[in-house]
Structure formats: structure tokens, C-alpha cells
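Below: one structure, written as C-alpha cells.
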Amino acid sequence: MPLTLVTWNLKGSNRHDVAAVAAHLRAVGADVVALQEVQRRQANELARRLGAYSLTWGFKHWPVTVRPEGMAILGLAIPIEVDTRALSFRWRLWSSRRRIYQVARFLPSGSDAERWMLFNLHLSTAREAERRAHEVATVLRTIGTTEDPAIVGGDLNDRPGAPLFALLGAAGLRDAWAEVHPDADETESATNWPGWTPGTTKDPSRRLDYVLVNHALDVVAVDIPRPGEPGFDGFRTLSDHLPLTVTLASRAPRPACQTRRP
């Protein structure tokens, strides 16, 4: 049975409209939601509005002047087990450079045996390419050689074609958007406004948000809200990132080889 995942950097310090975020997640039929830059109370309110089975919020850092920021994974259709782990600058609890990631394990609806893994990431900023590579290497060690379905998603703070994606590709991870839209340019897949201000009239121009999957998953559909679509202007005030929605399904196992008897 297909599963719909949404990843979204919500820029929680902007005090976004939780009701509008919940309305979008409900409209796209999200089963699982991976959030970055979200405050605990915002995640709790989203979970309440959406009737989530589970919510795990992880502390990232505390800017002192505003409420602490973190990451969250919500199980809207299914309960999800989540661990939150430090990735960079473990003890700098007040630094925005501190990074965490979340590792989730769950059974999709309709499955009674095959557990999926989800890695919710928010990598270091664009000027820290070497650190991002180190962070990805840490995550890949956690994934290991699992044969279970595995998903890596979130704000990777890098643009298509960056060296970072060679590491991910070498580990067998495929970019869901590129698989469905192999000929699309970055403008068509842009998820971020550089220098964003709420209500901007500019269009997003950079792609920083991704969902990548391993060999055990098929990509059924991918969607990013696009300028000109009905309701798009509402996203201009919510965050400097757009939500990325991906529908996935377990890949049918290859039939076992049979030896023909004489």
C-alpha cells in the first residue's frame, strides 16, 4: 500500500500559521511528516489538529531570544518510533550550527512484517560543504547495508549536482524528484527563497529539500507547490521553504531463480 511522506522546513521562529500548515498536510493526504526548524509547541499543535498517532520532537538548539528550535516526525496514519541524535556540535546547545537528525522505524499500513526506516535531516549551511559531507557519512553508517526500505529526507542545504549527492548515490540512494522528473531544471523543483521575507512576491529559486530512497522502494509520485497554482500565494507567508510531498511503495521482490529439473 503506498505511503505519502511530506518533508518541510517550517522556519518556526517566524511563528508560522499552524492551521494553514495542517490544512496543507491534510489536503495532500500525508501519512508521515518530517519537519525541520519547528518549535515544540508548534509540533504539538500540528499533531493535535491532525489527530496524529505519534509525535517525536527533538531539540536542536536554543537561540535564547525565541523558543528552542528542533525537528519532528509525526505519524498521522501510523505510530512511529523515533530516536533523535546529535550530528554536529553536540554540546553547543545555544548555537544555530548545532545539528541533529532523527531515525524513525515504522510499519506502513497494510504491512505486518516489513519495517521502513526514515532519516529526517537538516544539514549544515551552504558554506560548510565539508561538514555536510561528514554529516552524510555519519547517516550512511547508520543506514549501513540494510535490505529494509530506507528514506532520507529533509533540508540538505545543497543544490542539485553538488558533491554531496555523489556520496548518497554511491550508497544506492535515489533522488525521488529526479526519478519522476529527469529533465526538469532547478526552477521547476525549487523549494527555497533566498533572502525570504514573509509575503515575498518573488518566486522560489533554489532546491534545498529532498527525499531519497533505497533499492527497496518505488517512487509513485512527487509534488512541490508551484507558482501560479491555486493557493500558492499562501506559501509565501508560511516559510522560506516549500513542502515536498512524495508517495512511495515497497518494490516487489524479484522472483527467486528456479533450477529446471531434467
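Just so we're on the same page: first chain in the C-alpha cells is A, next is B, and so on; residues restart at 1 for each chain, and ligands are numbered from 1 in the order they show up.
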
Taking a cut-off of 12 Å and counting only C-alpha atoms, can you build a table that, for each residue of region 114-201 of chain A near region 59-70 of chain A, reports the nearest atom pair and how far apart they are in Å (one decimal), sorted by chain then residue number, as a tab-separated table?
residue	atom	partner	partner_atom	distance
A:Asn120	CA	A:Gly70	CA	11.3
A:Leu121	CA	A:Gly70	CA	11.0
A:His122	CA	A:Gly70	CA	9.9
A:Leu123	CA	A:Lys60	CA	11.7

Taking all heavy atoms for each residue, export the selection above as a compact mmCIF listing (two decimals), in the first residue's frame.
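Saved file result.txt follows:
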# COMPACT_ATOMS: atom_id res chain seq x y z
N ASN A 120 15.39 11.87 9.11
CA ASN A 120 15.00 13.27 8.98
C ASN A 120 16.24 14.13 9.20
O ASN A 120 16.82 14.11 10.29
CB ASN A 120 13.92 13.60 10.02
CG ASN A 120 13.39 15.01 9.90
OD1 ASN A 120 13.55 15.67 8.87
ND2 ASN A 120 12.75 15.50 10.96
N LEU A 121 16.65 14.88 8.16
CA LEU A 121 17.91 15.63 8.21
C LEU A 121 17.71 17.12 8.03
O LEU A 121 16.79 17.56 7.34
CB LEU A 121 18.86 15.15 7.10
CG LEU A 121 19.17 13.67 6.97
CD1 LEU A 121 20.21 13.46 5.89
CD2 LEU A 121 19.64 13.10 8.30
N HIS A 122 18.61 17.89 8.64
CA HIS A 122 18.77 19.31 8.34
C HIS A 122 20.27 19.56 8.44
O HIS A 122 20.80 19.79 9.54
CB HIS A 122 17.99 20.18 9.33
CG HIS A 122 18.06 21.64 9.01
ND1 HIS A 122 17.63 22.62 9.88
CD2 HIS A 122 18.50 22.30 7.91
CE1 HIS A 122 17.81 23.81 9.33
NE2 HIS A 122 18.34 23.63 8.13
N LEU A 123 20.95 19.49 7.30
CA LEU A 123 22.40 19.54 7.29
C LEU A 123 22.93 20.96 7.47
O LEU A 123 22.18 21.94 7.39
CB LEU A 123 22.93 18.96 5.97
CG LEU A 123 22.54 17.51 5.67
CD1 LEU A 123 23.22 17.06 4.38
CD2 LEU A 123 22.89 16.58 6.83

Please provide as an mmCIF file with N, CA, C and O atoms, in the first residue's frame all residues within 6 Å of region 156-160 of chain A, with the sequence filter that same-chain residues fewer than 3 positions apart are discarded (counting only C-alpha atoms).
data_model
loop_
_atom_site.group_PDB
_atom_site.id
_atom_site.type_symbol
_atom_site.label_atom_id
_atom_site.label_comp_id
_atom_site.auth_asym_id
_atom_site.auth_seq_id
_atom_site.Cartn_x
_atom_site.Cartn_y
_atom_site.Cartn_z
ATOM 1 N N HIS A 122 18.606 17.890 8.638
ATOM 2 C CA HIS A 122 18.769 19.311 8.343
ATOM 3 C C HIS A 122 20.267 19.564 8.438
ATOM 4 O O HIS A 122 20.803 19.794 9.537
ATOM 5 N N LEU A 123 20.948 19.492 7.305
ATOM 6 C CA LEU A 123 22.401 19.545 7.290
ATOM 7 C C LEU A 123 22.928 20.964 7.475
ATOM 8 O O LEU A 123 22.178 21.941 7.388
ATOM 9 N N THR A 125 24.929 24.535 6.926
ATOM 10 C CA THR A 125 24.604 25.545 5.922
ATOM 11 C C THR A 125 25.515 25.487 4.703
ATOM 12 O O THR A 125 26.524 24.789 4.683
ATOM 13 N N ALA A 126 25.154 26.289 3.709
ATOM 14 C CA ALA A 126 25.783 26.199 2.391
ATOM 15 C C ALA A 126 27.284 26.429 2.415
ATOM 16 O O ALA A 126 28.005 25.931 1.548
ATOM 17 N N ARG A 207 16.722 24.764 -4.984
ATOM 18 C CA ARG A 207 16.249 23.494 -4.448
ATOM 19 C C ARG A 207 17.199 23.041 -3.343
ATOM 20 O O ARG A 207 18.370 22.773 -3.585
ATOM 21 N N LEU A 208 16.666 22.973 -2.112
ATOM 22 C CA LEU A 208 17.459 22.535 -0.967
ATOM 23 C C LEU A 208 16.854 21.327 -0.263
ATOM 24 O O LEU A 208 17.497 20.727 0.595
ATOM 25 N N ASP A 209 15.628 20.964 -0.617
ATOM 26 C CA ASP A 209 14.884 19.926 0.094
ATOM 27 C C ASP A 209 14.724 18.687 -0.790
ATOM 28 O O ASP A 209 14.382 18.791 -1.973
#

- Can you work out the spacing between CA of Leu87 (chain A) and CA of Leu35 (chain A) in Å, to one decimal?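 Computing it gives 16.4 Å between the two atoms.
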
- Message: Taking only region 35-251 of chain A into account, list the residues labelled strand (DSSP E) by DSSP (computed from the backbone), as number ranges by chain.
- Response: A: 35-39, 54-61, 69-75, 81-88, 99-106, 116-122, 150-155, 174-175, 209-213, 217-223, 244-250

Just-selected residues, C-alpha atoms written as a PDB file, in the first residue's frame:
ATOM      1  CA  LEU A  35       9.729  18.707   9.903  1.00  0.00           C
ATOM      2  CA  GLN A  36      12.782  20.902  10.345  1.00  0.00           C
ATOM      3  CA  GLU A  37      13.043  24.225  12.227  1.00  0.00           C
ATOM      4  CA  VAL A  38       9.882  23.643  14.230  1.00  0.00           C
ATOM      5  CA  GLN A  39       9.243  24.586  17.847  1.00  0.00           C
ATOM      6  CA  SER A  54       2.533   9.754  17.303  1.00  0.00           C
ATOM      7  CA  LEU A  55       4.831  12.764  17.542  1.00  0.00           C
ATOM      8  CA  THR A  56       8.510  12.935  18.412  1.00  0.00           C
ATOM      9  CA  TRP A  57      10.100  16.375  18.720  1.00  0.00           C
ATOM     10  CA  GLY A  58      13.877  16.627  19.043  1.00  0.00           C
ATOM     11  CA  PHE A  59      15.738  19.616  20.493  1.00  0.00           C
ATOM     12  CA  LYS A  60      18.239  21.192  18.090  1.00  0.00           C
ATOM     13  CA  HIS A  61      19.331  24.452  19.729  1.00  0.00           C
ATOM     14  CA  GLU A  69      14.048  25.024  17.679  1.00  0.00           C
ATOM     15  CA  GLY A  70      14.044  21.392  16.753  1.00  0.00           C
ATOM     16  CA  MET A  71      12.916  18.705  14.351  1.00  0.00           C
ATOM     17  CA  ALA A  72       9.856  16.488  14.469  1.00  0.00           C
ATOM     18  CA  ILE A  73       8.392  13.369  12.925  1.00  0.00           C
ATOM     19  CA  LEU A  74       4.628  12.911  13.024  1.00  0.00           C
ATOM     20  CA  GLY A  75       2.882   9.636  12.337  1.00  0.00           C
ATOM     21  CA  GLU A  81       9.254   5.028  16.813  1.00  0.00           C
ATOM     22  CA  VAL A  82      11.836   7.833  16.617  1.00  0.00           C
ATOM     23  CA  ASP A  83      15.321   8.415  18.038  1.00  0.00           C
ATOM     24  CA  THR A  84      16.867  11.895  17.958  1.00  0.00           C
ATOM     25  CA  ARG A  85      20.667  12.026  17.730  1.00  0.00           C
ATOM     26  CA  ALA A  86      23.302  14.761  17.685  1.00  0.00           C
ATOM     27  CA  LEU A  87      25.126  15.165  14.394  1.00  0.00           C
ATOM     28  CA  SER A  88      27.406  18.236  14.732  1.00  0.00           C
ATOM     29  CA  ARG A  99      22.785  19.778  14.010  1.00  0.00           C
ATOM     30  CA  ILE A 100      20.705  16.754  14.878  1.00  0.00           C
ATOM     31  CA  TYR A 101      18.995  14.027  12.912  1.00  0.00           C
ATOM     32  CA  GLN A 102      16.094  11.701  13.598  1.00  0.00           C
ATOM     33  CA  VAL A 103      15.920   7.988  12.867  1.00  0.00           C
ATOM     34  CA  ALA A 104      12.404   6.560  12.585  1.00  0.00           C
ATOM     35  CA  ARG A 105      11.174   2.996  12.199  1.00  0.00           C
ATOM     36  CA  PHE A 106       7.619   2.039  11.386  1.00  0.00           C
ATOM     37  CA  TRP A 116      10.675   1.031   6.952  1.00  0.00           C
ATOM     38  CA  MET A 117      13.388   3.446   8.094  1.00  0.00           C
ATOM     39  CA  LEU A 118      13.212   7.234   7.774  1.00  0.00           C
ATOM     40  CA  PHE A 119      16.075   9.672   8.379  1.00  0.00           C
ATOM     41  CA  ASN A 120      14.995  13.270   8.979  1.00  0.00           C
ATOM     42  CA  LEU A 121      17.911  15.627   8.209  1.00  0.00           C
ATOM     43  CA  HIS A 122      18.769  19.311   8.343  1.00  0.00           C
ATOM     44  CA  ALA A 150      15.032   3.324   3.738  1.00  0.00           C
ATOM     45  CA  ILE A 151      14.217   7.001   3.182  1.00  0.00           C
ATOM     46  CA  VAL A 152      16.496  10.007   3.657  1.00  0.00           C
ATOM     47  CA  GLY A 153      14.676  13.320   3.600  1.00  0.00           C
ATOM     48  CA  GLY A 154      14.799  16.913   4.708  1.00  0.00           C
ATOM     49  CA  ASP A 155      16.661  20.173   4.165  1.00  0.00           C
ATOM     50  CA  ARG A 174      17.946   7.754  -5.490  1.00  0.00           C
ATOM     51  CA  ASP A 175      16.525  11.267  -5.672  1.00  0.00           C
ATOM     52  CA  ASP A 209      14.884  19.926   0.094  1.00  0.00           C
ATOM     53  CA  TYR A 210      14.997  16.270  -0.951  1.00  0.00           C
ATOM     54  CA  VAL A 211      13.671  12.787  -0.438  1.00  0.00           C
ATOM     55  CA  LEU A 212      15.983   9.955  -1.415  1.00  0.00           C
ATOM     56  CA  VAL A 213      15.127   6.247  -1.299  1.00  0.00           C
ATOM     57  CA  LEU A 217      11.220   1.450  -2.642  1.00  0.00           C
ATOM     58  CA  ASP A 218       9.470   2.683  -5.766  1.00  0.00           C
ATOM     59  CA  VAL A 219       8.609   6.356  -6.235  1.00  0.00           C
ATOM     60  CA  VAL A 220       4.925   6.655  -7.146  1.00  0.00           C
ATOM     61  CA  ALA A 221       4.524  10.446  -7.211  1.00  0.00           C
ATOM     62  CA  VAL A 222       6.328  13.659  -6.210  1.00  0.00           C
ATOM     63  CA  ASP A 223       4.872  17.129  -5.758  1.00  0.00           C
ATOM     64  CA  LEU A 244       7.956  18.342  -0.663  1.00  0.00           C
ATOM     65  CA  THR A 245       5.430  15.500  -0.913  1.00  0.00           C
ATOM     66  CA  VAL A 246       6.479  12.031  -2.052  1.00  0.00           C
ATOM     67  CA  THR A 247       4.337   8.901  -2.388  1.00  0.00           C
ATOM     68  CA  LEU A 248       6.273   5.641  -2.074  1.00  0.00           C
ATOM     69  CA  ALA A 249       5.564   1.930  -2.305  1.00  0.00           C
ATOM     70  CA  SER A 250       7.518  -1.186  -1.485  1.00  0.00           C
TER      71      SER A 250
END

- Query: When distances are computed from only C-alpha atoms, which of A:Asn14, A:Ser95, A:Thr191, A:Thr145 shows the smallest separation from Ser205 (chain A)?
  - Reply: A:Thr191

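If only C-alpha atoms are the atoms counted, then among A:Leu76, A:Leu167, A:Ala47, A:Ala216 the closest residue to Gly29 (chain A) is A:Leu76.
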
- Item | Straight-line distance linking CA of Ser96 (chain A) with CA of Ala133 (chain A), stated in Å to one decimal |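 Here the two named atoms are 18.2 Å from each other.
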
Excluding Gly195 (chain A) and residues on its chain fewer than 3 positions from it, collect all residues at most 10 Å away from it, counting only C-alpha atoms, and give them as a PDB file with C-alpha atoms, in the first residue's frame.
ATOM      1  CA  ASN A 192      13.562  27.767  -1.191  1.00  0.00           C
ATOM      2  CA  THR A 200       7.500  37.903  -0.862  1.00  0.00           C
ATOM      3  CA  ASP A 240      11.217  30.251   3.323  1.00  0.00           C
TER       4      ASP A 240
END

- From CA of Ala190 (chain A) to CA of Arg206 (chain A) the spacing works out at 4.7 Å

- Message: Using only C-alpha atoms, which protein or nucleic acid residues come within 12 Å of Ala170 (chain A)? Drop anything in the same chain fewer than 3 positions from it, and give the result as an MDAnalysis selection string.
- Response: chainID A and resid 136:137 140 163:167 173:174 214

- Task: Give me every alpha helix (DSSP H) residue in region 19-193 of chain A, going by DSSP on the backbone, as a VMD selection string.
- Result: chain A and resid 19 to 27 40 to 50 129 to 143 164 to 170 176 to 180 186 to 189

- Task: Would you please work out which residue, of A:Ala176, A:Phe89, A:Gly51, A:Asn9, is nearest to Ser124 (chain A) when using only C-alpha atoms?
- Result: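 For Ser124 (chain A), the nearest of the candidates is A:Phe89.
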
- Message: Calculated over only C-alpha atoms, which of the candidates A:His241, A:Arg26, A:Arg236, A:Arg132 has the smallest distance to Ile224 (chain A)?
- Response: A:His241
